[in-house]
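Peer 1: Just dropping this structure here.
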Amino acid sequence: TARAAERGSVAFSRGRELPRGKMAPVEDGVVTRLLPADCLAIEEIGASGAVFDILAFILLLTTSLFMAFKAVRAEPGVRPFYYVNTFVCLVAAFAYFSMIAGMGWETIMGCRQFFYVRYIDWFVTLPLLTLDLGLLAGQDLVTVAAIAGANMMMVAAGYLGSVALVPTVKWLWFLIAIITFVPVVFAVVRIFRQSVIDSNDVDKIELYGKVSLLTIIVWSLYPVVWVLGTGVGAFGISAESICYAVLDVISKCVFSFMIVNMNVYESAAPPVHKEYV
């Protein structure tokens, strides 16, 4: 009878104990890999990770309700942002509720618990956040749609890399995700920014500078967490979940309140011409 390993530390493949995330030796020319189906125990989220998920759910749901309430009474110029923010935070709240309820996950290589529902959240909300930035910048919808599509491809590649059963394939998918992230960064820091500069609206230019900087910094940290968690396993499930929860709250809740700065949309002051480089 095969003996059970300590929870989350080791798993078994073909009756032999293997270190988590490692491959078995070659047998008869076939490399035996640590597949999810071989796991007798998996590394799951702990109490600390669950607490942060609950806090993130409360903050996201509260923000979505606030945005929905404000949208009804908002001025026409800012109302679209309230609508978009409502759905951004509500979709994320749905995802966190499913994780709190123990749903939306599967086992991946290394016997790790993997919450695929995060990727459903990001697949929907990243394009909406891109729309927010595009609306603020006054960018044409075709360009916004193209960048939103790149965001969706990035999330899809990240998911496929997470569930890949071959390490080489996993990192190739990660590379594809990073490649598709490049045009997103270029659009936010260059194309969208130039559009808002061309508007000669000083308040909007300053607001866009703040929210775009926040966006790029936070979005750039997601791949770092992926590498340390799903990628190499340096982060446990709880540490990974805590990082994602903090990033989600900043990129959605904080972003939402920043972008609906009423002074920008209600200012009737004549534009002040400045030179931006």
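In the structure tokens, each chain is lettered A, B, ... as it comes, each chain's residues begin at 1, and ligands are numbered from 1 in order of appearance.
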Any chance you could list, as a count of residues only, the residues in range 27-108 of chain A that come up alpha helix (DSSP H) when DSSP is run on the backbone?

Peer 2: 49

Peer 1: If you run DSSP on the backbone, which residues of range 28-272 of chain A are strand (DSSP E), as a PDB file with C-alpha atoms, in the first residue's frame?

Peer 2:
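Result saved to out_12.pdb:
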ATOM      1  CA  VAL A  30       9.350   7.488 -21.578  1.00  0.00           C
ATOM      2  CA  VAL A  31       9.643  10.396 -19.160  1.00  0.00           C
ATOM      3  CA  GLU A 106      -8.553  22.390 -10.353  1.00  0.00           C
ATOM      4  CA  THR A 107      -5.294  20.574  -9.658  1.00  0.00           C
ATOM      5  CA  ILE A 108      -2.293  21.401 -11.828  1.00  0.00           C
ATOM      6  CA  ARG A 112      -1.130  22.676  -6.575  1.00  0.00           C
ATOM      7  CA  GLN A 113      -4.627  24.059  -6.217  1.00  0.00           C
ATOM      8  CA  PHE A 114      -5.246  26.362  -9.162  1.00  0.00           C
TER       9      PHE A 114
END

Peer 1: Using only C-alpha atoms, pick whichever of A:Ile147, A:Ala74, A:Leu61, A:Val166 has the shortest atom-to-atom distance to Asn261 in chain A.

Peer 2: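 Comparing A:Ile147, A:Ala74, A:Leu61, A:Val166 against Asn261 in chain A, the winner is A:Ala74.
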
Peer 1: For the atom pair CA of Pro36 in chain A and CA of Leu126 in chain A, what is the interatomic distance in Å to one decimal place?

Peer 2: 29.2 Å

Peer 1: Excluding Thr62 in chain A and any residue of its chain fewer than 4 positions from it, enumerate the residues within 10 Å of it, using only C-alpha atoms, and give them as a list in words.

Peer 2: Ala56, Phe57, Ile58, Phe66, Met67, Ala68, Thr86, Cys89, Leu90, Ala93 and Cys253 of chain A

Peer 1: Give me the residues within 12 Å of range 241-243 of chain A as JSON, numbers by chain, counting only C-alpha atoms and dropping any in the same chain fewer than 6 places off.

Peer 2: {"A": [44, 45, 46, 47, 48, 49, 50, 51, 52, 53, 54, 55, 56, 96, 99, 100, 113, 114, 115, 118, 218, 221, 222, 223, 224, 225, 226, 228, 229, 230, 235, 249, 250]}

Peer 1: As a VMD selection string, please: the residues near range 207-213 of chain A (cut-off 8 Å, only C-alpha atoms, same-chain neighbours under 5 positions excluded).

Peer 2: chain A and resid 133 136 to 137 188 to 189 193 196 255 258 to 259 261 264
